[in-house]
$ cat protein.cif   # mmCIF, C-alpha atoms
data_model
#
loop_
_atom_site.label_atom_id
_atom_site.label_comp_id
_atom_site.auth_asym_id
_atom_site.auth_seq_id
_atom_site.Cartn_x
_atom_site.Cartn_y
_atom_site.Cartn_z
CA MET A 1 -4.28 29.26 -2.56
CA THR A 2 -3.53 32.27 -0.35
CA ALA A 3 -0.54 34.57 -0.81
CA ASN A 4 1.30 31.90 -2.80
CA LYS A 5 0.65 29.31 -0.11
CA VAL A 6 -1.07 25.99 -0.80
CA THR A 7 -4.13 25.47 1.40
CA VAL A 8 -4.26 21.88 2.64
CA GLY A 9 -7.37 20.34 4.19
CA LEU A 10 -6.03 17.90 6.78
CA VAL A 11 -8.61 15.20 7.59
CA TYR A 12 -8.06 12.93 10.61
CA GLY A 13 -9.87 10.95 13.32
CA GLY A 14 -12.70 8.94 11.78
CA LYS A 15 -15.14 6.22 12.79
CA SER A 16 -12.73 3.29 12.56
CA GLY A 17 -10.96 1.41 15.34
CA GLU A 18 -7.81 3.27 14.33
CA HIS A 19 -9.16 6.67 15.40
CA GLU A 20 -6.47 7.39 17.99
CA ILE A 21 -3.69 6.35 15.62
CA SER A 22 -5.10 8.78 13.05
CA LEU A 23 -5.02 11.59 15.62
CA GLN A 24 -1.35 10.91 16.31
CA THR A 25 -0.63 10.85 12.59
CA GLY A 26 -2.49 14.13 12.03
CA PHE A 27 -0.59 15.83 14.84
CA ALA A 28 2.75 14.63 13.47
CA VAL A 29 1.99 15.77 9.94
CA MET A 30 0.68 19.14 11.14
CA ASN A 31 3.95 19.72 12.98
CA ALA A 32 6.09 18.76 9.99
CA PHE A 33 4.61 21.08 7.38
CA ASP A 34 6.60 24.07 6.18
CA TYR A 35 4.19 26.91 7.00
CA GLY A 36 6.09 29.15 4.66
CA LYS A 37 4.64 27.03 1.83
CA TYR A 38 1.34 25.82 3.28
CA GLU A 39 -1.60 26.80 5.40
CA ILE A 40 -3.70 24.10 7.02
CA VAL A 41 -7.45 23.75 7.46
CA PRO A 42 -8.06 20.96 10.03
CA PHE A 43 -11.04 18.63 9.64
CA TYR A 44 -11.65 16.34 12.60
CA ILE A 45 -14.08 13.41 12.27
CA THR A 46 -15.33 12.14 15.62
CA LEU A 47 -15.82 8.50 16.49
CA ARG A 48 -19.53 9.04 15.87
CA GLY A 49 -18.81 10.36 12.39
CA GLU A 50 -19.46 14.06 13.05
CA TRP A 51 -17.23 16.44 11.10
CA ARG A 52 -15.66 19.48 12.75
CA MET A 53 -13.79 22.11 10.77
CA GLY A 54 -11.22 24.38 12.35
CA SER A 55 -9.91 27.78 11.32
CA VAL A 56 -7.06 28.23 8.85
CA LEU A 57 -3.75 27.56 10.62
CA ASP A 58 -0.39 29.14 9.88
CA GLY A 59 1.30 26.98 12.49
CA PRO A 60 0.74 23.66 14.29
CA MET A 61 -1.52 23.06 17.27
CA ASN A 62 -0.07 22.55 20.73
CA SER A 63 -1.37 19.06 21.53
CA VAL A 64 -3.25 16.05 20.19
CA GLU A 65 -6.19 17.03 22.41
CA ASP A 66 -6.42 20.38 20.58
CA MET A 67 -6.83 18.41 17.34
CA LYS A 68 -10.36 17.44 18.42
CA LEU A 69 -11.55 21.00 17.70
CA GLU A 70 -13.94 21.13 20.65
CA ALA A 71 -14.59 24.85 20.07
CA ALA A 72 -15.19 24.52 16.34
CA ALA A 73 -18.34 26.25 15.10
CA GLY A 74 -20.77 24.25 12.98
CA GLY A 75 -20.77 20.56 12.28
CA THR A 76 -20.87 18.04 9.49
CA ALA A 77 -22.96 20.07 7.04
CA GLU A 78 -20.77 23.16 7.42
CA ALA A 79 -17.53 21.18 7.10
CA ALA A 80 -18.73 19.34 4.01
CA GLY A 81 -20.03 22.60 2.56
CA ALA A 82 -16.59 24.17 2.97
CA MET A 83 -15.04 21.37 0.94
CA PHE A 84 -17.54 21.72 -1.86
CA ALA A 85 -17.10 25.52 -1.78
CA ALA A 86 -13.57 24.93 -3.03
CA LEU A 87 -15.16 24.34 -6.42
CA SER A 88 -16.30 27.96 -6.59
CA GLY A 89 -12.77 29.35 -6.37
CA GLN A 90 -13.40 31.38 -3.22
CA ALA A 91 -10.41 32.93 -1.45
CA SER A 92 -10.89 30.48 1.38
CA SER A 93 -11.01 27.47 -0.93
CA ILE A 94 -8.97 24.35 -0.29
CA ASP A 95 -6.33 23.43 -2.84
CA VAL A 96 -5.78 19.81 -1.81
CA MET A 97 -7.21 17.40 0.76
CA PHE A 98 -4.85 15.24 2.80
CA PRO A 99 -6.76 12.31 4.37
CA LEU A 100 -4.88 10.79 7.30
CA LEU A 101 -7.58 8.25 8.09
CA HIS A 102 -6.77 4.61 8.65
CA GLY A 103 -9.18 1.73 8.18
CA THR A 104 -12.91 1.84 7.54
CA PHE A 105 -14.46 5.08 6.20
CA GLY A 106 -11.09 6.55 5.37
CA GLU A 107 -8.82 4.07 3.68
CA ASP A 108 -11.50 2.11 1.83
CA GLY A 109 -12.49 4.48 -0.98
CA THR A 110 -15.44 6.12 0.78
CA ILE A 111 -13.88 9.48 1.55
CA GLN A 112 -11.94 9.36 -1.71
CA GLY A 113 -15.30 9.16 -3.50
CA LEU A 114 -16.46 12.25 -1.62
CA PHE A 115 -13.39 14.16 -2.80
CA GLU A 116 -13.96 12.98 -6.36
CA MET A 117 -17.56 14.22 -6.25
CA ALA A 118 -16.34 17.57 -4.91
CA GLY A 119 -13.73 17.82 -7.65
CA LEU A 120 -10.97 18.21 -5.07
CA PRO A 121 -7.38 17.02 -5.45
CA TYR A 122 -6.44 14.62 -2.65
CA VAL A 123 -3.36 12.82 -1.43
CA GLY A 124 -3.07 9.07 -1.82
CA ALA A 125 -4.82 6.25 -3.61
CA GLY A 126 -7.99 6.70 -5.65
CA VAL A 127 -11.39 5.12 -5.06
CA LEU A 128 -10.69 1.78 -6.75
CA SER A 129 -7.20 1.37 -5.34
CA SER A 130 -8.31 2.32 -1.82
CA SER A 131 -11.22 -0.10 -1.92
CA ALA A 132 -9.16 -2.95 -3.37
CA GLY A 133 -6.36 -2.29 -0.91
CA MET A 134 -8.82 -2.55 1.98
CA ASP A 135 -10.54 -5.76 0.90
CA LYS A 136 -7.90 -8.44 1.39
CA ASP A 137 -9.81 -10.97 -0.73
CA VAL A 138 -10.11 -8.64 -3.73
CA MET A 139 -6.51 -7.55 -3.23
CA LYS A 140 -5.27 -11.13 -3.35
CA LYS A 141 -7.25 -11.79 -6.52
CA LEU A 142 -5.57 -8.79 -8.16
CA PHE A 143 -2.16 -10.02 -6.99
CA ALA A 144 -2.89 -13.44 -8.51
CA ALA A 145 -3.94 -11.81 -11.81
CA ALA A 146 -0.64 -9.89 -11.82
CA GLY A 147 1.35 -13.10 -11.29
CA LEU A 148 2.50 -12.24 -7.77
CA GLU A 149 3.16 -15.29 -5.62
CA GLN A 150 1.38 -15.45 -2.27
CA GLY A 151 0.37 -17.87 0.46
CA GLU A 152 -2.70 -20.11 0.21
CA TYR A 153 -5.97 -18.77 1.63
CA ILE A 154 -9.73 -19.15 1.54
CA ALA A 155 -12.36 -16.40 1.85
CA PHE A 156 -16.06 -16.57 2.62
CA GLY A 157 -18.98 -14.45 3.75
CA GLU A 158 -20.97 -14.56 6.97
CA ARG A 159 -23.93 -16.38 5.40
CA ASP A 160 -21.63 -19.07 3.95
CA TRP A 161 -20.20 -19.59 7.43
CA ARG A 162 -23.64 -19.94 9.01
CA VAL A 163 -24.86 -22.38 6.33
CA ASN A 164 -21.71 -24.31 5.37
CA ARG A 165 -19.52 -24.18 8.47
CA HIS A 166 -18.55 -27.86 8.36
CA GLU A 167 -17.48 -27.72 4.69
CA LEU A 168 -15.49 -24.51 5.23
CA LEU A 169 -13.70 -25.99 8.23
CA GLN A 170 -12.79 -29.06 6.19
CA GLU A 171 -11.53 -26.89 3.33
CA ALA A 172 -9.40 -24.82 5.70
CA GLU A 173 -7.93 -27.89 7.37
CA ASN A 174 -7.22 -29.70 4.09
CA LYS A 175 -5.90 -26.72 2.15
CA LEU A 176 -4.21 -24.65 4.85
CA GLY A 177 -3.61 -26.82 7.90
CA TYR A 178 -2.69 -25.60 11.38
CA PRO A 179 -1.66 -23.16 12.58
CA CYS A 180 -3.49 -20.69 10.36
CA PHE A 181 -4.45 -17.02 10.56
CA VAL A 182 -7.99 -15.66 10.53
CA LYS A 183 -8.68 -12.06 9.50
CA PRO A 184 -11.62 -9.77 8.79
CA ALA A 185 -11.42 -9.04 5.07
CA ASN A 186 -11.83 -5.28 5.54
CA LEU A 187 -9.88 -3.90 8.47
CA GLY A 188 -6.43 -2.55 9.21
CA SER A 189 -3.80 -2.53 11.95
CA SER A 190 -4.24 -6.25 12.66
CA VAL A 191 -7.57 -5.65 14.44
CA GLY A 192 -9.64 -8.84 14.75
CA ILE A 193 -6.81 -11.14 13.64
CA SER A 194 -6.19 -14.45 15.41
CA LYS A 195 -3.81 -17.37 15.08
CA ALA A 196 -5.61 -20.72 15.33
CA ALA A 197 -3.86 -23.94 16.31
CA ASP A 198 -6.87 -26.30 16.20
CA GLN A 199 -10.49 -26.47 15.08
CA GLU A 200 -11.96 -25.05 18.28
CA ALA A 201 -9.63 -22.04 18.10
CA LEU A 202 -10.42 -21.66 14.40
CA ILE A 203 -14.17 -21.46 15.07
CA ASP A 204 -13.60 -18.87 17.80
CA ALA A 205 -11.31 -16.88 15.51
CA VAL A 206 -13.87 -16.78 12.69
CA GLU A 207 -16.59 -15.63 15.10
CA LEU A 208 -14.28 -12.86 16.32
CA ALA A 209 -13.44 -11.76 12.78
CA LEU A 210 -17.15 -11.64 11.89
CA ARG A 211 -17.64 -9.01 14.60
CA TYR A 212 -15.57 -6.65 12.43
CA ASP A 213 -16.59 -7.58 8.88
CA ARG A 214 -19.08 -9.76 6.98
CA LYS A 215 -16.28 -11.45 5.03
CA VAL A 216 -13.42 -13.46 6.51
CA LEU A 217 -10.08 -14.76 5.28
CA ILE A 218 -8.23 -17.80 6.57
CA GLU A 219 -4.58 -17.89 5.54
CA THR A 220 -1.92 -20.54 5.77
CA PHE A 221 0.90 -20.00 8.24
CA ILE A 222 4.16 -18.92 6.59
CA ASP A 223 7.37 -19.31 8.54
CA GLY A 224 9.11 -16.27 7.18
CA ARG A 225 10.69 -12.91 7.76
CA GLU A 226 8.37 -9.89 7.46
CA LEU A 227 9.75 -7.27 5.09
CA GLU A 228 8.15 -4.04 3.90
CA VAL A 229 8.83 -1.60 1.06
CA GLY A 230 7.50 1.93 0.55
CA VAL A 231 6.23 2.95 -2.89
CA LEU A 232 5.89 6.59 -3.95
CA GLY A 233 4.61 7.99 -7.23
CA ASN A 234 1.83 7.94 -9.81
CA ASP A 235 2.57 6.64 -13.30
CA GLU A 236 6.28 6.17 -12.57
CA PRO A 237 6.41 4.85 -8.99
CA GLN A 238 9.65 4.46 -7.08
CA ALA A 239 10.41 1.97 -4.31
CA SER A 240 12.30 2.57 -1.08
CA VAL A 241 14.88 0.39 0.57
CA PRO A 242 13.24 -2.58 2.31
CA GLY A 243 12.75 -2.71 6.06
CA GLU A 244 12.17 -5.67 8.34
CA ILE A 245 9.75 -6.11 11.24
CA VAL A 246 10.92 -8.24 14.15
CA SER A 247 7.75 -8.70 16.19
CA SER A 248 7.72 -8.78 19.97
CA GLY A 249 4.87 -11.30 19.87
CA ASP A 250 4.02 -14.58 18.23
CA TYR A 251 2.94 -12.49 15.23
CA TYR A 252 2.66 -8.79 14.41
CA ASP A 253 -0.73 -8.09 16.00
CA TYR A 254 -2.24 -4.81 17.25
CA ASN A 255 -0.49 -5.12 20.62
CA ALA A 256 2.90 -5.71 19.01
CA LYS A 257 2.35 -2.77 16.64
CA TYR A 258 1.06 -0.13 19.03
CA ILE A 259 1.02 -1.16 22.68
CA ASP A 260 4.08 -2.91 24.07
CA GLY A 261 6.70 -0.93 22.13
CA LYS A 262 9.01 -3.92 21.91
CA SER A 263 8.79 -4.76 18.21
CA GLU A 264 11.85 -3.77 16.24
CA MET A 265 12.12 -2.14 12.81
CA MET A 266 15.37 -2.81 10.99
CA ILE A 267 15.94 -0.21 8.27
CA PRO A 268 17.43 -1.04 5.88
CA ALA A 269 16.63 -4.72 6.28
CA PRO A 270 19.67 -7.00 6.58
CA VAL A 271 19.22 -8.64 3.16
CA ASP A 272 21.58 -9.05 0.22
CA ALA A 273 21.40 -6.72 -2.77
CA ASP A 274 19.63 -9.21 -5.05
CA LEU A 275 16.85 -9.85 -2.53
CA ALA A 276 16.46 -6.11 -1.88
CA ASP A 277 16.17 -5.44 -5.62
CA SER A 278 13.59 -8.21 -5.99
CA LEU A 279 11.52 -6.82 -3.12
CA ARG A 280 11.55 -3.33 -4.64
CA GLU A 281 10.54 -4.64 -8.06
CA LEU A 282 7.70 -6.71 -6.59
CA ALA A 283 6.52 -3.77 -4.47
CA ILE A 284 6.06 -1.69 -7.62
CA ARG A 285 4.24 -4.59 -9.31
CA ALA A 286 1.90 -4.86 -6.31
CA PHE A 287 1.31 -1.09 -6.39
CA LYS A 288 0.38 -1.31 -10.07
CA ALA A 289 -1.76 -4.42 -9.51
CA VAL A 290 -4.14 -2.41 -7.31
CA GLU A 291 -3.80 0.64 -9.61
CA GLY A 292 -2.12 2.62 -6.86
CA SER A 293 -1.27 6.30 -6.85
CA GLY A 294 0.54 8.55 -4.41
CA LEU A 295 1.80 6.06 -1.89
CA CYS A 296 1.53 2.59 -0.48
CA ARG A 297 3.50 0.20 1.68
CA ALA A 298 3.92 -3.31 0.31
CA ASP A 299 4.35 -6.08 2.88
CA PHE A 300 6.07 -9.38 2.12
CA PHE A 301 7.06 -12.66 3.69
CA VAL A 302 10.44 -14.11 2.82
CA ARG A 303 10.04 -17.81 3.59
CA ARG A 304 12.84 -19.13 5.74
CA SER A 305 13.01 -22.57 4.13
CA ASP A 306 13.85 -21.38 0.60
CA ASN A 307 14.05 -17.56 0.68
CA LYS A 308 11.00 -17.31 -1.61
CA ILE A 309 9.26 -13.92 -1.59
CA LEU A 310 5.50 -14.02 -1.04
CA ILE A 311 3.34 -10.89 -1.17
CA ASN A 312 1.19 -10.42 1.93
CA GLU A 313 -0.68 -7.15 1.33
CA VAL A 314 -0.45 -3.49 0.41
CA ASN A 315 -1.49 -0.65 2.68
CA THR A 316 -2.67 2.43 0.77
CA MET A 317 -2.53 4.71 3.82
CA PRO A 318 0.26 3.33 5.99
CA GLY A 319 1.17 4.67 9.40
CA PHE A 320 2.60 8.14 8.87
CA THR A 321 4.14 9.49 12.05
CA PRO A 322 7.88 10.26 11.84
CA PHE A 323 8.46 6.95 13.65
CA SER A 324 6.29 4.82 11.37
CA MET A 325 7.80 2.35 8.93
CA TYR A 326 6.80 4.16 5.71
CA PRO A 327 8.44 7.56 6.44
CA LEU A 328 11.47 5.83 7.96
CA LEU A 329 11.92 3.74 4.81
CA TRP A 330 11.97 6.90 2.72
CA ARG A 331 14.25 8.72 5.14
CA GLU A 332 16.75 5.90 4.73
CA THR A 333 16.28 6.10 0.95
CA GLY A 334 17.09 9.82 1.00
CA THR A 335 13.75 11.62 1.34
CA SER A 336 13.05 13.47 4.60
CA TYR A 337 9.66 13.52 6.31
CA GLN A 338 9.00 17.11 5.22
CA ALA A 339 10.13 16.41 1.66
CA LEU A 340 7.83 13.37 1.62
CA LEU A 341 4.85 15.60 2.46
CA ASP A 342 5.84 18.00 -0.34
CA LYS A 343 6.08 15.10 -2.81
CA LEU A 344 2.71 13.63 -1.84
CA ILE A 345 0.97 16.97 -2.36
CA GLU A 346 2.76 17.42 -5.68
CA LEU A 347 1.59 13.94 -6.76
CA ALA A 348 -1.99 14.70 -5.69
CA LEU A 349 -2.07 17.88 -7.76
CA GLU A 350 -0.41 16.13 -10.70
CA ARG A 351 -3.00 13.34 -10.73
CA HIS A 352 -5.88 15.80 -10.40
CA GLU A 353 -4.60 17.88 -13.29
CA ALA A 354 -4.39 14.78 -15.49
CA ARG A 355 -7.93 13.74 -14.56
CA THR A 356 -9.37 17.17 -15.32
CA GLN A 357 -8.30 16.68 -18.95
CA LEU A 358 -10.65 13.70 -19.28
CA GLN A 359 -13.98 14.05 -21.05
CA TYR A 360 -16.98 12.69 -19.13
CA GLY A 361 -19.67 13.26 -21.72
CA ARG A 362 -20.17 13.66 -25.45
#
$ encode --input "protein.cif" --output "structure tokens"
Amino acid sequence: MTANKVTVGLVYGGKSGEHEISLQTGFAVMNAFDYGKYEIVPFYITLRGEWRMGSVLDGPMNSVEDMKLEAAAGGTAEAAGAMFAALSGQASSIDVMFPLLHGTFGEDGTIQGLFEMAGLPYVGAGVLSSSAGMDKDVMKKLFAAAGLEQGEYIAFGERDWRVNRHELLQEAENKLGYPCFVKPANLGSSVGISKAADQEALIDAVELALRYDRKVLIETFIDGRELEVGVLGNDEPQASVPGEIVSSGDYYDYNAKYIDGKSEMMIPAPVDADLADSLRELAIRAFKAVEGSGLCRADFFVRRSDNKILINEVNTMPGFTPFSMYPLLWRETGTSYQALLDKLIELALERHEARTQLQYGR
């Protein structure tokens, strides 16, 4: 902490397929901080996994391209060393890390484990919650244990597929029917997801998903509205108003999310008060089911035939530009983008303080 300012290590980029999205998020967050309260140390992770650490900033950078820190001295060892140096209480130490990494190696518990080892406070979900929130199969098992209703699905590993393809296809057809959705178990932003209308398409979809992960989910098709709720907090989480996604495509895939710009977000969602209250209550239950902290976005289907709410997934590091669903949900609930950043850092420091009171030995 320097001159009563909080020093924030902003981590962005990363090795996942969502690298460019992370850059946009990092740039947006950097521009929203109140530099009267904070100073920023940028950490850029390249697509190859190399870390670059920039100088302390008392104002935002000029462009997304500048975020790549091409002129940064040193590399991975120096950047990691700077994080661990925070433990020594040096004047240049970092008070809190803010990971803005989506997908693999950022949202899956790996970088959270690094921060835990370094003894650094960090924004967002912990190791277990991040990992569970990334693995859709584990997530669904936790939802089931918490009594949250969800659509039917099956999950299997690559070896099972190679050895028992015929049996798995029969199970999918008998239990789920067509059309169905095929997803890599561990990936975000709808990468590698396909909708299959017959067995040939299903086989192709599984092979595609296995390019991205060694475990695959096949889910039943649900004819429903897609509604999302933001959750914010630690031990006493709060839920935002719900929002609704109206996809430009057949389903909300990567293209509909990021490319064509035609999908519509309706905030607040046009739902009655009882349904909105139920969505908010279930969002908090889902957050607790994965032992969340800091933030998450809970995504639901509301089935058209009977208005039943079915949990789809939680996202422990949702899109975070000012135009992303999560910040917009909170803006509509009464919390501005800048205030949201303040709250997330406050929650990170609060959780870290509570954990430092724990005893790890005799």
$ atom_distance --input "protein.cif" --atom1 "atom CA of Glu149 of chain A" --atom2 "atom CA of Leu282 of chain A"
9.8 Å
$ atom_distance --input "protein.cif" --atom1 "atom CA of Ser194 of chain A" --atom2 "atom CA of Ala209 of chain A"
8.2 Å
$ closest_residue --input "protein.cif" --among "A:Ser278, A:Ser293, A:Thr110, A:Asn312" --to "Glu236 of chain A" --atoms "all atoms listed in the file"
A:Ser293
$ residues_around --input "protein.cif" --residues "Thr220 of chain A" --least-positions-apart "2" --cutoff "8 Å" --atoms "all atoms listed in the file" --output "JSON list (two decimals) with C-alpha atoms, in the coordinates of the input"
[["chain", "number", "residue", "atom", "x", "y", "z"],
["A", 151, "GLY", "CA", 0.37, -17.87, 0.46],
["A", 152, "GLU", "CA", -2.70, -20.11, 0.21],
["A", 153, "TYR", "CA", -5.97, -18.77, 1.63],
["A", 176, "LEU", "CA", -4.21, -24.65, 4.85],
["A", 177, "GLY", "CA", -3.61, -26.82, 7.90],
["A", 178, "TYR", "CA", -2.69, -25.60, 11.38],
["A", 179, "PRO", "CA", -1.66, -23.16, 12.58],
["A", 180, "CYS", "CA", -3.49, -20.69, 10.36],
["A", 181, "PHE", "CA", -4.45, -17.02, 10.56],
["A", 218, "ILE", "CA", -8.23, -17.80, 6.57],
["A", 222, "ILE", "CA", 4.16, -18.92, 6.59]]
$ atom_distance --input "protein.cif" --atom1 "atom CA of Met325 of chain A" --atom2 "atom CA of Glu228 of chain A"
8.1 Å
$ residues_around --input "protein.cif" --residues "Met139 of chain A" --least-positions-apart "5" --cutoff "9 Å" --atoms "only C-alpha atoms" --output "PyMOL selection string"
chain A and resi 131-134+144+289-290+313-314
$ residues_near_point --input "protein.cif" --point "(10.2, 5.0, 4.1)" --cutoff "10 Å" --atoms "all atoms listed in the file" --output "ChimeraX atom specification"
/A:228-232,239-243,267-268,297,320,322-337,340
